[in-house]
$ cat model-v5.csv   # CSV, C-alpha atoms
chain,number,residue,atom,x,y,z
A,1,MET,CA,-21.6,-0.3,82.5
A,2,LYS,CA,-20.3,2.4,84.8
A,3,PRO,CA,-17.0,4.2,84.5
A,4,ARG,CA,-13.8,2.4,85.5
A,5,ALA,CA,-13.7,4.6,88.7
A,6,VAL,CA,-16.5,2.5,90.2
A,7,GLU,CA,-15.6,-0.8,88.6
A,8,HIS,CA,-15.3,-2.7,91.9
A,9,ARG,CA,-18.3,-1.3,93.7
A,10,SER,CA,-22.0,-1.1,92.9
A,11,SER,CA,-23.2,2.1,91.3
A,12,ARG,CA,-24.0,5.0,93.8
A,13,THR,CA,-26.3,6.7,91.3
A,14,ALA,CA,-28.3,3.4,90.8
A,15,GLU,CA,-28.8,3.4,94.6
A,16,HIS,CA,-30.0,7.0,94.6
A,17,VAL,CA,-32.6,6.1,91.9
A,18,ALA,CA,-33.8,3.1,94.0
A,19,LEU,CA,-34.2,5.5,97.0
A,20,PHE,CA,-36.3,7.9,94.9
A,21,ARG,CA,-38.5,5.0,93.8
A,22,ALA,CA,-38.8,3.8,97.4
A,23,LEU,CA,-39.8,7.3,98.5
A,24,GLU,CA,-42.5,7.5,95.8
A,25,SER,CA,-43.8,4.1,96.7
A,26,ARG,CA,-44.3,5.0,100.3
A,27,ARG,CA,-45.8,8.4,99.6
A,28,GLY,CA,-49.1,9.2,101.2
A,29,GLY,CA,-51.9,10.2,98.8
A,30,ALA,CA,-51.5,10.2,95.0
A,31,ARG,CA,-48.4,8.4,93.7
A,32,LEU,CA,-47.2,7.4,90.3
A,33,PHE,CA,-46.4,3.7,91.0
A,34,VAL,CA,-45.7,1.3,93.8
A,35,ASP,CA,-42.3,-0.4,93.7
A,36,PRO,CA,-42.2,-2.7,96.8
A,37,TYR,CA,-38.7,-3.9,96.0
A,38,ALA,CA,-36.8,-0.7,95.7
A,39,VAL,CA,-36.3,-0.3,99.5
A,40,ARG,CA,-34.7,-3.8,99.6
A,41,PHE,CA,-31.8,-2.7,97.4
A,42,LEU,CA,-30.8,0.1,99.8
A,43,ARG,CA,-28.1,0.2,102.4
A,44,SER,CA,-29.3,0.5,105.9
A,45,ARG,CA,-29.2,4.3,106.2
A,46,TYR,CA,-31.2,4.8,103.0
A,47,ARG,CA,-33.6,2.0,104.0
A,48,PHE,CA,-34.2,3.9,107.3
A,49,ILE,CA,-34.9,7.1,105.3
A,50,ALA,CA,-37.3,5.3,103.0
A,51,ARG,CA,-39.2,3.8,105.9
A,52,LEU,CA,-39.5,7.2,107.6
A,53,ALA,CA,-41.2,8.4,104.4
A,54,GLY,CA,-44.1,6.2,105.2
A,55,LEU,CA,-44.9,8.0,108.5
A,56,PRO,CA,-47.8,10.5,108.3
A,57,LEU,CA,-46.1,13.5,110.0
A,58,VAL,CA,-42.5,13.3,108.7
A,59,GLY,CA,-42.9,11.4,105.5
A,60,GLY,CA,-43.7,14.4,103.3
A,61,ALA,CA,-40.7,16.4,104.6
A,62,ILE,CA,-38.2,13.9,103.2
A,63,PRO,CA,-38.8,14.4,99.5
A,64,GLY,CA,-39.1,18.1,100.1
A,65,TYR,CA,-35.7,18.2,101.8
A,66,ILE,CA,-34.2,16.4,98.8
A,67,ASP,CA,-35.8,18.7,96.3
A,68,ARG,CA,-34.6,21.8,98.2
A,69,ARG,CA,-31.0,20.5,98.4
A,70,TRP,CA,-30.9,19.4,94.7
A,71,THR,CA,-33.0,22.0,92.9
A,72,SER,CA,-32.4,20.5,89.5
A,73,GLY,CA,-35.1,17.9,90.3
A,74,PRO,CA,-33.3,14.5,90.2
A,75,ARG,CA,-35.8,12.8,92.5
A,76,SER,CA,-38.9,13.9,90.6
A,77,SER,CA,-37.3,13.4,87.3
A,78,ALA,CA,-36.4,9.8,88.3
A,79,VAL,CA,-40.0,9.0,89.3
A,80,VAL,CA,-41.7,10.5,86.3
A,81,ARG,CA,-39.3,8.7,84.0
A,82,THR,CA,-40.0,5.4,85.9
A,83,ARG,CA,-43.8,5.8,85.3
A,84,LEU,CA,-43.4,6.8,81.7
A,85,ILE,CA,-41.1,3.9,80.9
A,86,ASP,CA,-43.5,1.5,82.7
A,87,ASP,CA,-46.2,2.7,80.3
A,88,LEU,CA,-44.0,2.5,77.2
A,89,LEU,CA,-43.0,-1.0,78.2
A,90,GLY,CA,-46.7,-1.9,78.6
A,91,ASP,CA,-47.3,-0.7,75.1
A,92,ALA,CA,-44.4,-2.7,73.7
A,93,VAL,CA,-45.6,-5.9,75.4
A,94,ALA,CA,-49.2,-5.3,74.1
A,95,ALA,CA,-47.7,-4.9,70.6
A,96,GLY,CA,-46.2,-8.4,70.7
A,97,THR,CA,-42.9,-8.3,72.5
A,98,GLN,CA,-41.4,-11.8,73.0
A,99,GLN,CA,-38.6,-11.0,75.5
A,100,VAL,CA,-37.3,-8.0,77.5
A,101,LEU,CA,-33.7,-6.8,77.7
A,102,LEU,CA,-32.7,-4.4,80.5
A,103,LEU,CA,-29.3,-2.8,79.6
A,104,GLY,CA,-27.6,-1.4,82.7
A,105,ALA,CA,-30.4,-2.7,84.8
A,106,GLY,CA,-29.2,-1.2,88.1
A,107,TYR,CA,-31.9,-1.8,90.8
A,108,ASP,CA,-34.7,-1.9,88.3
A,109,SER,CA,-37.5,-4.2,89.6
A,110,ARG,CA,-39.9,-4.2,86.7
A,111,ALA,CA,-39.3,-7.9,86.1
A,112,TYR,CA,-40.7,-8.6,89.6
A,113,ARG,CA,-43.4,-6.0,90.0
A,114,ILE,CA,-45.1,-5.8,86.5
A,115,PRO,CA,-47.4,-8.9,86.1
A,116,ALA,CA,-47.2,-8.8,82.3
A,117,LEU,CA,-43.5,-9.6,82.4
A,118,ALA,CA,-43.9,-12.8,84.4
A,119,SER,CA,-44.6,-14.8,81.3
A,120,LEU,CA,-41.7,-13.4,79.3
A,121,PRO,CA,-38.0,-14.1,79.5
A,122,VAL,CA,-36.3,-11.0,81.0
A,123,PHE,CA,-32.5,-10.5,80.6
A,124,GLU,CA,-30.8,-8.1,83.0
A,125,VAL,CA,-27.4,-6.9,81.8
A,126,ASP,CA,-25.2,-4.9,84.1
A,127,HIS,CA,-21.7,-4.3,85.3
A,128,PRO,CA,-20.7,-7.3,87.4
A,129,ALA,CA,-20.2,-5.3,90.6
A,130,THR,CA,-23.6,-3.7,90.5
A,131,GLN,CA,-25.4,-6.9,89.5
A,132,ALA,CA,-23.7,-8.9,92.3
A,133,GLY,CA,-25.0,-6.5,94.9
A,134,LYS,CA,-28.5,-6.7,93.5
A,135,ARG,CA,-28.5,-10.5,93.3
A,136,ARG,CA,-27.5,-10.8,96.9
A,137,GLN,CA,-30.5,-8.7,97.9
A,138,ILE,CA,-32.8,-10.6,95.6
A,139,HIS,CA,-31.8,-14.0,96.9
A,140,ARG,CA,-32.2,-12.8,100.5
A,141,ARG,CA,-35.5,-10.8,100.2
A,142,ILE,CA,-37.5,-11.9,97.1
A,143,PRO,CA,-39.2,-15.3,96.7
A,144,SER,CA,-37.5,-17.4,94.0
A,145,LYS,CA,-40.7,-17.8,92.0
A,146,SER,CA,-40.8,-14.0,91.5
A,147,TYR,CA,-37.6,-14.1,89.4
A,148,ALA,CA,-37.7,-17.5,87.8
A,149,HIS,CA,-38.1,-15.9,84.4
A,150,VAL,CA,-35.1,-13.5,84.9
A,151,ARG,CA,-31.7,-14.2,83.4
A,152,PHE,CA,-28.9,-12.3,85.1
A,153,VAL,CA,-26.1,-11.4,82.7
A,154,PRO,CA,-23.0,-9.7,84.2
A,155,ALA,CA,-21.2,-7.9,81.4
A,156,ASP,CA,-19.5,-4.6,80.5
A,157,PHE,CA,-20.4,-2.8,77.3
A,158,GLU,CA,-17.2,-0.8,77.2
A,159,ARG,CA,-15.3,-4.1,77.0
A,160,GLY,CA,-17.6,-5.5,74.3
A,161,ASP,CA,-18.5,-8.8,76.0
A,162,VAL,CA,-22.3,-8.5,76.1
A,163,ASP,CA,-23.4,-10.4,73.0
A,164,ALA,CA,-21.7,-13.6,73.8
A,165,ALA,CA,-22.8,-13.5,77.4
A,166,LEU,CA,-26.5,-12.9,76.4
A,167,ARG,CA,-26.5,-15.7,73.9
A,168,GLN,CA,-25.1,-18.0,76.5
A,169,ALA,CA,-28.0,-17.0,78.8
A,170,GLY,CA,-30.5,-17.9,76.1
A,171,PHE,CA,-31.2,-14.6,74.4
A,172,ILE,CA,-32.3,-15.0,70.8
A,173,THR,CA,-33.0,-12.7,67.9
A,174,ASP,CA,-36.7,-12.0,68.4
A,175,ARG,CA,-39.0,-9.1,68.9
A,176,THR,CA,-37.6,-7.5,72.0
A,177,ALA,CA,-38.5,-4.6,74.3
A,178,VAL,CA,-35.1,-3.0,75.3
A,179,ILE,CA,-34.9,-0.7,78.3
A,180,TRP,CA,-31.8,1.4,78.5
A,181,GLU,CA,-32.6,3.7,81.4
A,182,GLY,CA,-30.1,6.1,83.1
A,183,VAL,CA,-27.1,4.7,81.2
A,184,THR,CA,-26.2,6.5,78.0
A,185,GLU,CA,-24.9,9.6,79.7
A,186,TYR,CA,-22.2,7.6,81.5
A,187,LEU,CA,-20.8,6.0,78.3
A,188,THR,CA,-18.6,7.3,75.5
A,189,ALA,CA,-20.1,8.3,72.2
A,190,GLU,CA,-18.4,5.3,70.6
A,191,THR,CA,-20.0,2.8,73.1
A,192,VAL,CA,-23.5,4.3,72.6
A,193,ASP,CA,-23.0,4.1,68.8
A,194,ALA,CA,-21.8,0.5,68.9
A,195,THR,CA,-24.6,-0.6,71.3
A,196,LEU,CA,-27.3,0.9,69.1
A,197,ARG,CA,-25.9,-0.7,66.0
A,198,TRP,CA,-25.6,-4.0,67.8
A,199,LEU,CA,-29.2,-3.8,68.9
A,200,THR,CA,-30.4,-3.7,65.3
A,201,ILE,CA,-28.6,-7.0,64.7
A,202,ALA,CA,-29.3,-8.7,68.0
A,203,THR,CA,-33.1,-8.0,68.0
A,204,ALA,CA,-35.8,-8.5,65.4
A,205,ALA,CA,-37.4,-5.8,63.3
A,206,GLY,CA,-40.2,-4.2,65.2
A,207,SER,CA,-38.3,-4.3,68.5
A,208,HIS,CA,-38.7,-1.3,70.7
A,209,ILE,CA,-35.8,0.5,72.3
A,210,ILE,CA,-36.8,2.7,75.3
A,211,PHE,CA,-33.9,4.8,76.4
A,212,THR,CA,-33.0,7.9,78.3
A,213,TYR,CA,-30.4,10.5,77.4
A,214,VAL,CA,-29.2,14.0,78.4
A,215,ASP,CA,-29.6,17.0,76.2
A,216,ARG,CA,-26.1,17.9,74.9
A,217,GLY,CA,-26.8,21.5,75.9
A,218,ALA,CA,-26.6,20.5,79.5
A,219,LEU,CA,-23.1,19.1,79.1
A,220,ASP,CA,-21.6,21.9,77.2
A,221,ASN,CA,-23.5,24.7,79.0
A,222,THR,CA,-25.1,26.0,75.8
A,223,GLY,CA,-28.7,25.0,76.7
A,224,GLY,CA,-29.4,27.4,79.5
A,225,PHE,CA,-30.9,24.7,81.6
A,226,ASP,CA,-31.6,25.6,85.3
A,227,GLY,CA,-29.9,23.2,87.7
A,228,ALA,CA,-27.8,21.4,85.1
A,229,ALA,CA,-24.4,22.5,86.6
A,230,GLN,CA,-25.5,21.3,90.0
A,231,TRP,CA,-26.6,17.8,88.7
A,232,LEU,CA,-23.3,17.5,86.7
A,233,ALA,CA,-21.3,18.3,89.8
A,234,THR,CA,-23.2,15.8,91.9
A,235,VAL,CA,-22.6,12.8,89.6
A,236,ARG,CA,-19.0,13.9,89.1
A,237,GLY,CA,-18.6,13.9,92.9
A,238,ALA,CA,-20.0,10.4,93.1
A,239,GLY,CA,-17.3,9.3,90.7
A,240,GLU,CA,-19.8,8.7,87.9
A,241,PRO,CA,-19.5,11.7,85.6
A,242,TRP,CA,-21.7,12.2,82.5
A,243,LYS,CA,-19.8,11.9,79.2
A,244,PHE,CA,-22.4,11.7,76.5
A,245,GLY,CA,-25.4,13.7,75.3
A,246,LEU,CA,-27.5,14.3,72.2
A,247,ASP,CA,-29.2,17.3,70.6
A,248,PRO,CA,-32.9,16.4,70.5
A,249,SER,CA,-33.3,18.0,67.1
A,250,GLU,CA,-30.6,15.7,65.7
A,251,LEU,CA,-32.0,12.5,67.3
A,252,PRO,CA,-34.2,11.3,64.5
A,253,GLY,CA,-31.4,11.5,62.0
A,254,TYR,CA,-28.9,10.0,64.5
A,255,LEU,CA,-31.1,6.9,65.0
A,256,ALA,CA,-32.0,6.6,61.3
A,257,GLU,CA,-28.3,6.3,60.4
A,258,ARG,CA,-28.3,3.2,62.7
A,259,GLY,CA,-31.4,1.5,61.3
A,260,ILE,CA,-33.8,2.8,64.0
A,261,THR,CA,-36.9,4.9,63.7
A,262,LEU,CA,-37.8,7.4,66.5
A,263,ILE,CA,-41.3,7.1,67.8
A,264,SER,CA,-41.4,9.6,70.6
A,265,ASP,CA,-39.0,11.8,72.6
A,266,GLN,CA,-39.9,13.9,75.6
A,267,SER,CA,-38.2,15.5,78.6
A,268,ALA,CA,-38.8,14.7,82.2
A,269,ARG,CA,-40.5,18.0,82.5
A,270,ASP,CA,-42.9,17.0,79.7
A,271,ALA,CA,-43.6,13.8,81.6
A,272,ALA,CA,-44.3,15.8,84.8
A,273,VAL,CA,-47.0,17.7,83.0
A,274,ARG,CA,-48.6,14.5,82.0
A,275,TYR,CA,-48.2,12.6,85.3
A,276,LEU,CA,-47.6,14.9,88.2
A,277,GLU,CA,-49.7,18.0,87.5
A,278,PRO,CA,-53.0,16.2,87.2
A,279,LEU,CA,-52.3,15.0,90.8
A,280,GLY,CA,-51.8,18.6,91.9
A,281,ARG,CA,-48.1,17.9,92.3
A,282,HIS,CA,-45.9,20.8,91.0
A,283,GLU,CA,-42.4,19.5,91.5
A,284,SER,CA,-39.2,20.6,89.8
A,285,THR,CA,-38.1,18.3,86.9
A,286,ALA,CA,-35.2,18.5,84.5
A,287,GLY,CA,-35.9,19.8,81.0
A,288,PHE,CA,-32.6,18.4,79.9
A,289,TYR,CA,-33.2,14.8,80.9
A,290,ARG,CA,-35.1,13.0,78.1
A,291,ILE,CA,-36.9,9.7,77.5
A,292,ALA,CA,-37.2,8.3,74.0
A,293,VAL,CA,-38.7,5.3,72.4
A,294,ALA,CA,-37.6,4.0,69.0
A,295,GLN,CA,-38.2,1.0,66.8
A,296,VAL,CA,-35.8,-1.3,65.0
A,297,ILE,CA,-36.5,-1.2,61.2

$ encode --input "model-v5.csv" --output "structure tokens"
Amino acid sequence: MKPRAVEHRSSRTAEHVALFRALESRRGGARLFVDPYAVRFLRSRYRFIARLAGLPLVGGAIPGYIDRRWTSGPRSSAVVRTRLIDDLLGDAVAAGTQQVLLLGAGYDSRAYRIPALASLPVFEVDHPATQAGKRRQIHRRIPSKSYAHVRFVPADFERGDVDAALRQAGFITDRTAVIWEGVTEYLTAETVDATLRWLTIATAAGSHIIFTYVDRGALDNTGGFDGAAQWLATVRGAGEPWKFGLDPSELPGYLAERGITLISDQSARDAAVRYLEPLGRHESTAGFYRIAVAQVI
């Protein structure tokens, strides 16, 4: 699900998000979540950094260094979106979700760390290169009983081979919670459109689609967002440039045309007000990075 430039290696940006989750999990004091698996998906250098973050004297300096180097707030934006999506997924499960679909799963560990998912089939779809690296680490470091309910589906949306692969893995048309986190910005507009239209057919009415997207104003430089240019340059330098964005004001209509109703839409900065500020944490987050939840009609 990543660009062709990274077709034969695992996603670098997926590893960065895993690092940010590992740092949050080892944070002293108030933290948004605990992800004990994130550190296990990291290369040795990043694993060392994450472990240092657990030390009393130096741990707090590591997130601070990252935030000073990347002032657009990718670390804090990643952790608030993680917490928000955790909560949105919990709401969907409570509303009667029968299965969970992770599109572009990356190093997401919700299937292993959220108890409510242990009784549901979870389908993880990702580019074969990224998923292969993740599975190697899972088999080495996580007890098999912790992922017995997970179905790994290596597939590429831009090649249109997802539906058949999912059906072969046991996916059925049922009430589904779909998580599409940190993916749409790397795809073409045509692929995003096709995926949303496919979801309205592949899942039952009442299914929830939880997804992230980038405000189009950050891509075309019309939004006046602080730090957007730096973030764009960073992902481009990693060989995973952003391609797609949406205007938040147009999102309800965009989804309605595809048979989907918008339930909520907020920025990472909005989520920081909800989750970080009550903890006394005033950290830079991106106003252009957004988290939405919608429902299949």

$ residues_near_point --input "model-v5.csv" --point "(-39.4, 17.4, 77.6)" --cutoff "9 Å" --atoms "all atoms listed in the file" --output "ChimeraX atom specification"
/A:265-272,286-291

$ atom_distance --input "model-v5.csv" --atom1 "CA of Ala148 in chain A" --atom2 "CA of Gln131 in chain A"
16.3 Å

$ closest_residue --input "model-v5.csv" --among "A:Arg135, A:Arg175, A:His149, A:Arg83" --to "Ala111 in chain A" --atoms "all atoms listed in the file"
A:His149

$ residues_around --input "model-v5.csv" --residues "Ala105 in chain A" --least-positions-apart "3" --cutoff "10 Å" --atoms "only C-alpha atoms" --output "PyMOL selection string"
chain A and resi 1+14+101-102+108-110+123-127+130-131+134+152-153+179-183

$ closest_residue --input "model-v5.csv" --among "A:Gly29, A:Ala129, A:Ser76, A:Thr285" --to "Gly60 in chain A" --atoms "only C-alpha atoms"
A:Gly29

$ closest_residue --input "model-v5.csv" --among "A:Val58, A:Glu15, A:Lys145, A:Ile66" --to "Ser44 in chain A" --atoms "only C-alpha atoms"
A:Glu15

$ closest_residue --input "model-v5.csv" --among "A:Ala164, A:Ala294, A:Leu19, A:Ile172" --to "Gln99 in chain A" --atoms "all atoms listed in the file"
A:Ile172

$ closest_residue --input "model-v5.csv" --among "A:Asp226, A:Asp174, A:Glu277, A:Asp193" --to "Ser207 in chain A" --atoms "only C-alpha atoms"
A:Asp174

$ residues_around --input "model-v5.csv" --residues "Ser119 in chain A" --least-positions-apart "2" --cutoff "12 Å" --atoms "all atoms listed in the file" --output "list in words"
Val93, Thr97, Gln98, Gln99, Val100, Ala111, Tyr112, Ile114, Pro115, Ala116, Leu117, Pro121, Val122, Lys145, Ser146, Tyr147, Ala148, His149 and Val150 of chain A

$ write_last_selection --input "model-v5.csv" --atoms "C-alpha atoms" --output "CSV table (one decimal), in the coordinates of the input"
chain,number,residue,atom,x,y,z
A,93,VAL,CA,-45.6,-5.9,75.4
A,97,THR,CA,-42.9,-8.3,72.5
A,98,GLN,CA,-41.4,-11.8,73.0
A,99,GLN,CA,-38.6,-11.0,75.5
A,100,VAL,CA,-37.3,-8.0,77.5
A,111,ALA,CA,-39.3,-7.9,86.1
A,112,TYR,CA,-40.7,-8.6,89.6
A,114,ILE,CA,-45.1,-5.8,86.5
A,115,PRO,CA,-47.4,-8.9,86.1
A,116,ALA,CA,-47.2,-8.8,82.3
A,117,LEU,CA,-43.5,-9.6,82.4
A,121,PRO,CA,-38.0,-14.1,79.5
A,122,VAL,CA,-36.3,-11.0,81.0
A,145,LYS,CA,-40.7,-17.8,92.0
A,146,SER,CA,-40.8,-14.0,91.5
A,147,TYR,CA,-37.6,-14.1,89.4
A,148,ALA,CA,-37.7,-17.5,87.8
A,149,HIS,CA,-38.1,-15.9,84.4
A,150,VAL,CA,-35.1,-13.5,84.9

$ residues_around --input "model-v5.csv" --residues "Val39 in chain A" --least-positions-apart "2" --cutoff "7 Å" --atoms "only C-alpha atoms" --output "list of chain:residue names"
A:Ala18, A:Leu19, A:Ala22, A:Pro36, A:Tyr37, A:Phe41, A:Leu42, A:Arg47, A:Ala50

$ atom_distance --input "model-v5.csv" --atom1 "CA of Trp242 in chain A" --atom2 "CA of Tyr186 in chain A"
4.7 Å

$ residues_around --input "model-v5.csv" --residues "Val79 in chain A" --least-positions-apart "6" --cutoff "8 Å" --atoms "only C-alpha atoms" --output "MDAnalysis selection string"
chainID A and resid 20:21 24 32

$ closest_residue --input "model-v5.csv" --among "A:Arg45, A:Arg216, A:Ala53, A:Ala228" --to "Glu250 in chain A" --atoms "all atoms listed in the file"
A:Arg216

$ atom_distance --input "model-v5.csv" --atom1 "CA of Leu52 in chain A" --atom2 "CA of Arg26 in chain A"
9.0 Å

$ decode --input "model-v5.csv" --residues "range 212-235 of chain A" --atoms "N, CA, C and O atoms" --output "mmCIF file, in the first residue's frame"
data_model
loop_
_atom_site.group_PDB
_atom_site.id
_atom_site.type_symbol
_atom_site.label_atom_id
_atom_site.label_comp_id
_atom_site.auth_asym_id
_atom_site.auth_seq_id
_atom_site.Cartn_x
_atom_site.Cartn_y
_atom_site.Cartn_z
ATOM 1 N N THR A 212 -7.710 8.267 8.524
ATOM 2 C CA THR A 212 -6.997 9.536 8.624
ATOM 3 C C THR A 212 -6.773 10.087 7.228
ATOM 4 O O THR A 212 -6.743 9.352 6.240
ATOM 5 N N TYR A 213 -6.626 11.399 7.181
ATOM 6 C CA TYR A 213 -6.323 12.037 5.900
ATOM 7 C C TYR A 213 -5.628 13.365 6.163
ATOM 8 O O TYR A 213 -5.620 13.874 7.289
ATOM 9 N N VAL A 214 -5.051 13.914 5.120
ATOM 10 C CA VAL A 214 -4.356 15.194 5.209
ATOM 11 C C VAL A 214 -5.218 16.279 4.573
ATOM 12 O O VAL A 214 -5.817 16.066 3.510
ATOM 13 N N ASP A 215 -5.310 17.406 5.230
ATOM 14 C CA ASP A 215 -6.003 18.557 4.660
ATOM 15 C C ASP A 215 -5.309 18.948 3.355
ATOM 16 O O ASP A 215 -4.090 19.137 3.320
ATOM 17 N N ARG A 216 -6.086 19.079 2.302
ATOM 18 C CA ARG A 216 -5.519 19.397 0.995
ATOM 19 C C ARG A 216 -4.717 20.696 1.020
ATOM 20 O O ARG A 216 -3.754 20.873 0.263
ATOM 21 N N GLY A 217 -5.090 21.603 1.913
ATOM 22 C CA GLY A 217 -4.373 22.870 1.998
ATOM 23 C C GLY A 217 -2.921 22.720 2.398
ATOM 24 O O GLY A 217 -2.097 23.600 2.132
ATOM 25 N N ALA A 218 -2.567 21.588 3.048
ATOM 26 C CA ALA A 218 -1.168 21.334 3.392
ATOM 27 C C ALA A 218 -0.382 20.872 2.175
ATOM 28 O O ALA A 218 0.837 21.089 2.099
ATOM 29 N N LEU A 219 -1.059 20.235 1.232
ATOM 30 C CA LEU A 219 -0.375 19.724 0.044
ATOM 31 C C LEU A 219 -0.145 20.813 -0.998
ATOM 32 O O LEU A 219 0.899 20.838 -1.647
ATOM 33 N N ASP A 220 -1.131 21.691 -1.175
ATOM 34 C CA ASP A 220 -0.987 22.730 -2.203
ATOM 35 C C ASP A 220 -0.561 24.079 -1.628
ATOM 36 O O ASP A 220 -0.528 25.091 -2.331
ATOM 37 N N ASN A 221 -0.240 24.091 -0.324
ATOM 38 C CA ASN A 221 0.293 25.273 0.345
ATOM 39 C C ASN A 221 -0.706 26.426 0.396
ATOM 40 O O ASN A 221 -0.318 27.590 0.448
ATOM 41 N N THR A 222 -2.007 26.104 0.392
ATOM 42 C CA THR A 222 -3.026 27.151 0.480
ATOM 43 C C THR A 222 -3.609 27.261 1.891
ATOM 44 O O THR A 222 -4.379 28.182 2.159
ATOM 45 N N GLY A 223 -3.243 26.324 2.778
ATOM 46 C CA GLY A 223 -3.861 26.303 4.094
ATOM 47 C C GLY A 223 -3.160 27.122 5.149
ATOM 48 O O GLY A 223 -3.719 27.351 6.229
ATOM 49 N N GLY A 224 -1.925 27.551 4.874
ATOM 50 C CA GLY A 224 -1.183 28.321 5.853
ATOM 51 C C GLY A 224 -0.845 27.545 7.112
ATOM 52 O O GLY A 224 -0.785 28.110 8.207
ATOM 53 N N PHE A 225 -0.594 26.239 6.973
ATOM 54 C CA PHE A 225 -0.325 25.400 8.136
ATOM 55 C C PHE A 225 1.149 25.444 8.524
ATOM 56 O O PHE A 225 2.020 25.167 7.696
ATOM 57 N N ASP A 226 1.411 25.755 9.772
ATOM 58 C CA ASP A 226 2.780 25.742 10.267
ATOM 59 C C ASP A 226 3.340 24.329 10.223
ATOM 60 O O ASP A 226 2.693 23.375 10.663
ATOM 61 N N GLY A 227 4.547 24.184 9.696
ATOM 62 C CA GLY A 227 5.233 22.904 9.704
ATOM 63 C C GLY A 227 4.862 21.951 8.593
ATOM 64 O O GLY A 227 5.477 20.884 8.461
ATOM 65 N N ALA A 228 3.880 22.301 7.764
ATOM 66 C CA ALA A 228 3.444 21.374 6.715
ATOM 67 C C ALA A 228 4.565 21.108 5.712
ATOM 68 O O ALA A 228 4.797 19.965 5.298
ATOM 69 N N ALA A 229 5.275 22.148 5.310
ATOM 70 C CA ALA A 229 6.338 21.991 4.316
ATOM 71 C C ALA A 229 7.442 21.074 4.837
ATOM 72 O O ALA A 229 7.983 20.248 4.090
ATOM 73 N N GLN A 230 7.766 21.199 6.115
ATOM 74 C CA GLN A 230 8.806 20.348 6.701
ATOM 75 C C GLN A 230 8.369 18.883 6.706
ATOM 76 O O GLN A 230 9.155 17.986 6.378
ATOM 77 N N TRP A 231 7.128 18.622 7.077
ATOM 78 C CA TRP A 231 6.619 17.255 7.113
ATOM 79 C C TRP A 231 6.592 16.662 5.706
ATOM 80 O O TRP A 231 6.991 15.519 5.493
ATOM 81 N N LEU A 232 6.143 17.446 4.726
ATOM 82 C CA LEU A 232 6.124 16.988 3.337
ATOM 83 C C LEU A 232 7.530 16.632 2.862
ATOM 84 O O LEU A 232 7.732 15.614 2.188
ATOM 85 N N ALA A 233 8.494 17.466 3.216
ATOM 86 C CA ALA A 233 9.875 17.206 2.804
ATOM 87 C C ALA A 233 10.419 15.937 3.453
ATOM 88 O O ALA A 233 11.170 15.172 2.836
ATOM 89 N N THR A 234 10.031 15.680 4.704
ATOM 90 C CA THR A 234 10.522 14.504 5.419
ATOM 91 C C THR A 234 10.025 13.215 4.774
ATOM 92 O O THR A 234 10.801 12.283 4.542
ATOM 93 N N VAL A 235 8.726 13.133 4.484
ATOM 94 C CA VAL A 235 8.193 11.898 3.889
ATOM 95 C C VAL A 235 8.677 11.730 2.452
ATOM 96 O O VAL A 235 8.897 10.607 1.985
#
